[in-house]
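Single-structure report; data block below.
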Amino acid sequence: MKKVFFLMIVLSMVFVAHGRLAENKIQVLLVKKYLYVRSYFSQDQDVLILLFRGKGNKQICFLRSYLIAADAPMTFASIRKNAKIFHGNSDDTAPWRLNDTYIGGSHAYGFGMEIKVNNHGLSVADLGTEWLDDKGDKYYIVEVVDSNTLRILSENKSDSDIWKFNYWKRKGKNKTLKNAKGKILKAASFKYKQLYPASRINFQKYLIDGKTTLKQFRATECDFLDVVDDYDIIAPDTMLEFVRKNAGKKVNRVDKSLAAMIYNRITYRFLPLGTCLIKHYAKANRKFKLGYMGFTQGMVMGGRTMEYRGEYIPKTIPFERQGKKYNFTEIEDITARKGYRFYFMSSRNNIKDPNDLPDRFIQLLDNNKGGKKNPEIGYAIGYSRLEGMTKPEIRSKNTSYAFRFIAHRKSYPIAISNKMIEKDTEFNAVAYRQYFDARRFKNATSVYWHKQGDDYYVLYADYHKNVKGDIIKLPTEFTGKKVSIIEKTPSITLESGDTIPSEGIKLSVKNNYGFIGLKIK
């Protein structure tokens, strides 16, 4: 309790009032393992993104997002009083799905088991020791949790890089383990348990404008912040061999002596207007069977109660499932569809063009009785079409599976899937996640922009109505910049030419729907 009270005092001291935050700036603050990123959202609100280090793998991950009054001081007391959560997202770090399990991100070794054995009598001296079940399969003690709880992992039955571990069936009863000395462990119950950690953190950096280290307890205004998460993933068979060789000792299961299976360097670049650009470089240090990798993912916005939650996915086509028709191009109302699962892939005939997969996934949320006609908060998850392996011509060769999401739970973009990955394969992906004020432009469903490259911006505008000469007013620093079209529907026309005038971009839409993506340089 004293520690909590002390932390509250420290937070109250280090957060400072800032006045109205400029639209092209962000404010950041690092307090121990928690990072706060604040940026402009609307005329009267800012968006506040909170990050932390995950409990299991200690990786950088998102925690929550809030709206806070623009004139509210940046103090801990003010945040507690004024910040309103609209997005819980503590599991948004993308893992690898490989060799039939998730690993990395917030995931560890998912085929471990936790067994309850009352008064088992084991200790550190029993770590790494071998036990047989009633079928003769081998298991090893990996953790002694307490006097009644053990965590175990089976032997790896593969002699290749593609590991193979045993599972006990969920409905099995009276499971027993026996060691060479004849000692018997009777498992009163068991469950699958991820065995943490699977990741070895090499370093984590917080760099103001990509250069200067962010200091603890010091609120700082800047153009952008790079959060660099550099870590290795240790394969479970490598870990188990290490534990067995050090039987009877408590060891660091991601010890520096262990060879990495995958090397990851993820740079989260926080930019103005609620933007996080994710640059993910990875290298495979051994062969593995890749189920899929998305390089980003996102929990669904909103809590258990809200007026409206919609899902909009451009470049999809209408489809029917179990007698019900869906059209995510037209925005599907998923407010009450708890647990519904949707898959977008060529084989399901709900993607317009298999060579140009859907690469933007947009949520619309309202908690203030605006409802479907006037949602308040927009949230876009997307891939770069201009850099890395998420460019359409590369991505379409690596996957026909664009996206899946579970209503009320999570969105999973997919960049590559169903591949046998060879040693030394490198991955370079660029993704983004961005909040936007869905009410800023009254005629458009969504409009958002961010700096994506070192010298260019990307802007997207989506419409679900006809408009003539609609003006997208941009900040003054965009005046005179050159514009080129990244992609668009035939139904939308850019009328303001290839240079941005002072009044903004002018667009016209027919057929009651259209979108456009622009590169601004």
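Chain labels A, B, ... are given in the sequence in which chains occur in the structure tokens; within each chain residues are numbered consecutively from 1, and ligands are likewise numbered from 1 in the order shown.
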
Backbone-only DSSP, alpha helix (DSSP H) members of region 261-463 of chain A, as a PyMOL selection string: chain A and resi 392-398

Non-local contacts of region 225-229 of chain A (6 Å; only C-alpha atoms; under 3 positions in same chain excluded) as a VMD selection string: chain A and resid 204 to 210 265 to 270

Residues of the last selection are to be written out with N, CA, C and O atoms, as a short mmCIF file (atom, residue, chain, number, x, y, z; two decimals), in the first residue's frame.
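This went into part14.cif:
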```cif
data_model
loop_
_atom_site.label_atom_id
_atom_site.label_comp_id
_atom_site.auth_asym_id
_atom_site.auth_seq_id
_atom_site.Cartn_x
_atom_site.Cartn_y
_atom_site.Cartn_z
N GLN A 204 15.51 -2.76 -24.92
CA GLN A 204 14.30 -1.97 -25.19
C GLN A 204 14.67 -0.51 -25.04
O GLN A 204 15.26 -0.12 -24.03
N LYS A 205 14.36 0.28 -26.06
CA LYS A 205 14.74 1.68 -26.06
C LYS A 205 13.54 2.56 -26.33
O LYS A 205 12.63 2.18 -27.08
N TYR A 206 13.56 3.77 -25.72
CA TYR A 206 12.53 4.77 -25.93
C TYR A 206 13.25 6.02 -26.43
O TYR A 206 13.93 6.70 -25.66
N LEU A 207 13.12 6.33 -27.72
CA LEU A 207 13.95 7.34 -28.36
C LEU A 207 13.12 8.51 -28.87
O LEU A 207 12.29 8.36 -29.78
N ILE A 208 13.33 9.68 -28.27
CA ILE A 208 12.65 10.90 -28.68
C ILE A 208 13.13 11.29 -30.07
O ILE A 208 14.34 11.42 -30.31
N ASP A 209 12.19 11.45 -31.00
CA ASP A 209 12.50 11.75 -32.39
C ASP A 209 13.52 10.79 -32.97
O ASP A 209 14.32 11.13 -33.85
N GLY A 210 13.52 9.55 -32.44
CA GLY A 210 14.39 8.50 -32.93
C GLY A 210 15.84 8.62 -32.52
O GLY A 210 16.69 7.84 -32.98
N ARG A 265 13.23 -7.53 -34.27
CA ARG A 265 13.44 -6.13 -33.89
C ARG A 265 12.20 -5.35 -34.34
O ARG A 265 11.95 -5.19 -35.53
N ILE A 266 11.41 -4.92 -33.36
CA ILE A 266 10.16 -4.22 -33.65
C ILE A 266 10.31 -2.77 -33.21
O ILE A 266 10.64 -2.49 -32.05
N THR A 267 10.05 -1.86 -34.12
CA THR A 267 10.06 -0.44 -33.80
C THR A 267 8.63 0.08 -33.87
O THR A 267 8.01 0.08 -34.94
N TYR A 268 8.13 0.50 -32.71
CA TYR A 268 6.82 1.14 -32.64
C TYR A 268 7.05 2.65 -32.70
O TYR A 268 7.55 3.23 -31.74
N ARG A 269 6.71 3.25 -33.82
CA ARG A 269 6.89 4.69 -33.95
C ARG A 269 5.56 5.38 -33.66
O ARG A 269 4.60 5.26 -34.43
N PHE A 270 5.52 6.13 -32.55
CA PHE A 270 4.32 6.85 -32.17
C PHE A 270 4.35 8.24 -32.78
O PHE A 270 5.31 9.00 -32.60
#
```

Near region 114-120 of chain A, counting only C-alpha atoms, which residues have an atom at most 8 Å away, once you skip same-chain residues fewer than 3 positions from it, shown as an mmCIF file with N, CA and C atoms, in the first residue's frame?
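Result written to around-v6.cif:
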```
data_model
loop_
_atom_site.group_PDB
_atom_site.id
_atom_site.type_symbol
_atom_site.label_atom_id
_atom_site.label_comp_id
_atom_site.auth_asym_id
_atom_site.auth_seq_id
_atom_site.Cartn_x
_atom_site.Cartn_y
_atom_site.Cartn_z
ATOM 1 N N SER A 147 3.710 -26.472 -3.248
ATOM 2 C CA SER A 147 3.712 -27.837 -2.710
ATOM 3 C C SER A 147 2.670 -28.740 -3.347
ATOM 4 N N ASN A 148 1.734 -28.152 -4.105
ATOM 5 C CA ASN A 148 0.676 -28.947 -4.730
ATOM 6 C C ASN A 148 0.619 -28.806 -6.251
ATOM 7 N N THR A 149 1.517 -28.016 -6.819
ATOM 8 C CA THR A 149 1.404 -27.687 -8.247
ATOM 9 C C THR A 149 2.743 -27.840 -8.961
ATOM 10 N N LEU A 150 2.694 -28.532 -10.100
ATOM 11 C CA LEU A 150 3.871 -28.731 -10.937
ATOM 12 C C LEU A 150 3.549 -28.360 -12.381
ATOM 13 N N ARG A 151 4.569 -27.958 -13.092
ATOM 14 C CA ARG A 151 4.417 -27.737 -14.531
ATOM 15 C C ARG A 151 5.377 -28.652 -15.270
ATOM 16 N N ILE A 152 4.836 -29.314 -16.300
ATOM 17 C CA ILE A 152 5.604 -30.344 -16.991
ATOM 18 C C ILE A 152 5.547 -30.128 -18.497
ATOM 19 N N LEU A 185 3.416 -39.916 -8.918
ATOM 20 C CA LEU A 185 2.674 -38.674 -8.772
ATOM 21 C C LEU A 185 1.278 -38.890 -9.334
ATOM 22 N N LYS A 186 0.249 -38.695 -8.514
ATOM 23 C CA LYS A 186 -1.133 -38.831 -8.971
ATOM 24 C C LYS A 186 -1.714 -37.436 -9.192
ATOM 25 N N ALA A 187 -2.013 -37.146 -10.462
ATOM 26 C CA ALA A 187 -2.533 -35.823 -10.810
ATOM 27 C C ALA A 187 -4.024 -35.746 -10.526
ATOM 28 N N ALA A 188 -4.390 -34.958 -9.519
ATOM 29 C CA ALA A 188 -5.806 -34.782 -9.199
ATOM 30 C C ALA A 188 -6.519 -34.019 -10.315
ATOM 31 N N SER A 189 -5.788 -33.141 -11.004
ATOM 32 C CA SER A 189 -6.317 -32.398 -12.146
ATOM 33 C C SER A 189 -5.149 -31.881 -12.967
ATOM 34 N N PHE A 190 -5.456 -31.470 -14.202
ATOM 35 C CA PHE A 190 -4.415 -30.899 -15.042
ATOM 36 C C PHE A 190 -5.053 -29.953 -16.054
ATOM 37 N N LYS A 191 -4.250 -29.029 -16.554
ATOM 38 C CA LYS A 191 -4.705 -28.099 -17.589
ATOM 39 C C LYS A 191 -3.508 -27.665 -18.414
ATOM 40 N N TYR A 192 -3.784 -27.253 -19.653
ATOM 41 C CA TYR A 192 -2.711 -26.724 -20.483
ATOM 42 C C TYR A 192 -2.254 -25.391 -19.908
ATOM 43 N N LYS A 193 -0.973 -25.166 -19.937
ATOM 44 C CA LYS A 193 -0.417 -23.959 -19.339
ATOM 45 C C LYS A 193 0.770 -23.468 -20.150
#
```

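Residue-level DSSP output for region 436-472 of chain A, from the backbone, shows strand (DSSP E or B) at A:Phe436, A:Asp437, A:Ser446, A:Val447, A:Tyr448, A:Trp449, A:His450, A:Lys451, A:Tyr457, A:Val458, A:Leu459, A:Tyr460, A:Ala461, A:Asp462, A:Tyr463, A:Val467, A:Lys468, A:Gly469, A:Asp470, A:Ile471, A:Ile472.
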
Given the selection you just returned, output its residues as a file containing N, CA and C atoms, formatted as a CSV table (one decimal), in the first residue's frame.
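Result written to out37.csv:
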```
chain,number,residue,atom,x,y,z
A,436,PHE,N,-8.9,7.8,-34.9
A,436,PHE,CA,-9.3,9.1,-35.6
A,436,PHE,C,-10.7,9.5,-35.1
A,437,ASP,N,-10.9,10.8,-35.2
A,437,ASP,CA,-12.2,11.4,-34.9
A,437,ASP,C,-13.2,11.1,-36.0
A,446,SER,N,-14.6,7.8,-42.9
A,446,SER,CA,-13.3,7.8,-42.2
A,446,SER,C,-12.4,8.6,-43.0
A,447,VAL,N,-11.6,9.4,-42.3
A,447,VAL,CA,-10.4,10.1,-42.9
A,447,VAL,C,-9.3,10.1,-41.9
A,448,TYR,N,-8.2,9.6,-42.3
A,448,TYR,CA,-7.0,9.6,-41.4
A,448,TYR,C,-5.7,9.7,-42.3
A,449,TRP,N,-4.7,10.3,-41.7
A,449,TRP,CA,-3.4,10.4,-42.3
A,449,TRP,C,-2.3,10.3,-41.3
A,450,HIS,N,-1.1,9.8,-41.8
A,450,HIS,CA,0.1,9.7,-40.9
A,450,HIS,C,1.3,9.7,-41.8
A,451,LYS,N,2.4,10.0,-41.2
A,451,LYS,CA,3.7,9.9,-41.9
A,451,LYS,C,4.1,8.5,-41.9
A,457,TYR,N,3.8,11.1,-46.5
A,457,TYR,CA,2.6,10.8,-45.7
A,457,TYR,C,1.6,9.9,-46.5
A,458,VAL,N,0.8,9.2,-45.8
A,458,VAL,CA,-0.3,8.4,-46.5
A,458,VAL,C,-1.6,9.0,-45.9
A,459,LEU,N,-2.6,9.2,-46.8
A,459,LEU,CA,-3.9,9.6,-46.4
A,459,LEU,C,-5.0,8.7,-47.0
A,460,TYR,N,-6.0,8.3,-46.2
A,460,TYR,CA,-7.1,7.5,-46.7
A,460,TYR,C,-8.4,8.3,-46.4
A,461,ALA,N,-9.3,8.2,-47.3
A,461,ALA,CA,-10.7,8.8,-47.1
A,461,ALA,C,-11.7,7.8,-47.7
A,462,ASP,N,-12.7,7.5,-46.9
A,462,ASP,CA,-13.8,6.5,-47.2
A,462,ASP,C,-15.1,7.2,-47.1
A,463,TYR,N,-16.0,6.9,-48.1
A,463,TYR,CA,-17.3,7.5,-48.1
A,463,TYR,C,-18.4,6.4,-48.4
A,467,VAL,N,-21.1,12.5,-52.9
A,467,VAL,CA,-20.7,13.9,-52.5
A,467,VAL,C,-20.1,14.6,-53.8
A,468,LYS,N,-20.2,15.9,-53.8
A,468,LYS,CA,-19.7,16.7,-54.9
A,468,LYS,C,-18.8,17.7,-54.4
A,469,GLY,N,-17.5,17.6,-54.7
A,469,GLY,CA,-16.5,18.6,-54.3
A,469,GLY,C,-16.4,18.7,-52.8
A,470,ASP,N,-16.3,17.6,-52.1
A,470,ASP,CA,-16.2,17.6,-50.7
A,470,ASP,C,-14.7,18.0,-50.3
A,471,ILE,N,-14.6,18.8,-49.3
A,471,ILE,CA,-13.3,19.4,-49.0
A,471,ILE,C,-12.7,18.6,-47.7
A,472,ILE,N,-11.5,18.1,-47.9
A,472,ILE,CA,-10.8,17.5,-46.7
A,472,ILE,C,-9.8,18.6,-46.3
```

With 12 Å as the cut-off and only C-alpha atoms counted, what is the closest atom pair between each nearby residue of region 243-298 of chain A and region 369-381 of chain A? Distances in Å to one decimal, ordered by chain and number, as CSV.
```
residue,atom,partner,partner_atom,distance
A:Leu273,CA,A:Tyr379,CA,11.2
A:Gly274,CA,A:Tyr379,CA,9.2
A:Thr275,CA,A:Ala380,CA,9.4
A:Cys276,CA,A:Ile381,CA,9.7
A:Leu277,CA,A:Ile381,CA,10.0
A:Ile278,CA,A:Ile381,CA,10.6
A:Gly294,CA,A:Ile381,CA,11.1
A:Phe295,CA,A:Ile381,CA,11.0
A:Thr296,CA,A:Ile381,CA,8.1
A:Gln297,CA,A:Ile381,CA,7.8
A:Gly298,CA,A:Ile381,CA,7.6
```

Long-range neighbours of region 340-349 of chain A as a PyMOL selection string, 7 Å cut-off, only C-alpha atoms, 6 positions minimum in chain: chain A and resi 400-407

Proximity to Val142 (chain A) - best of A:Asn252, A:Asn512, A:Ser484, A:Ser39, only C-alpha atoms: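 Checking each candidate against Val142 (chain A), we get A:Asn252 as the closest.
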
Non-local contacts of Leu132 (chain A) (8 Å; only C-alpha atoms; under 5 positions in same chain excluded) as an MDAnalysis selection string: chainID A and resid 137:139 177:179

Pick from A:Lys519, A:Arg97, A:Lys473, A:Lys181, whichever lies nearest to Ser502 (chain A) using only C-alpha atoms: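 Selected residue with least distance to Ser502 (chain A): A:Lys473.
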
When you look at Lys25 (chain A) with a cut-off of 9 Å (counting only C-alpha atoms), what residues show up, excluding the ones that are within fewer than 5 positions of it in the same chain? I need them as a compact mmCIF listing (two decimals) with C-alpha atoms, in the first residue's frame.
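Written output follows (part.txt):
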```txt
# COMPACT_ATOMS: atom_id res chain seq x y z
CA ARG A 38 -0.76 11.68 -25.79
CA SER A 39 -1.84 13.25 -29.08
CA TYR A 40 -4.55 15.41 -30.63
CA GLU A 221 6.83 17.00 -26.24
CA CYS A 222 8.24 15.80 -29.56
CA ASP A 223 7.51 15.01 -33.21
CA PHE A 224 7.57 11.25 -32.67
CA LEU A 271 3.18 9.76 -34.30
CA PRO A 272 0.58 12.54 -34.01
CA LEU A 273 -3.14 11.86 -34.35
```

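Those residues that approach Ile68 (chain A) to within 12 Å, counting only C-alpha atoms, are A:Arg20, A:Leu21, A:Val37, A:Arg38, A:Ser39, A:Tyr40, A:Phe41, A:Ser42, A:Gln43, A:Asp44, A:Gln45, A:Asp46, A:Val47, A:Leu48, A:Ile49, A:Met74, A:Thr75, A:Ser78, A:Ile79, A:Arg80, A:Lys81, A:Asn82, A:Ala83, A:Lys84, A:Ile85, A:Phe86; same-chain residues fewer than 6 positions away are not listed.
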
Atom pair CA of Asn368 (chain A) / CA of Asn327 (chain A): separation (Å): 25.3 Å

Proximity to Lys410 (chain A) - best of A:Tyr281, A:Phe242, A:Phe361, A:Tyr263, only C-alpha atoms: A:Phe361
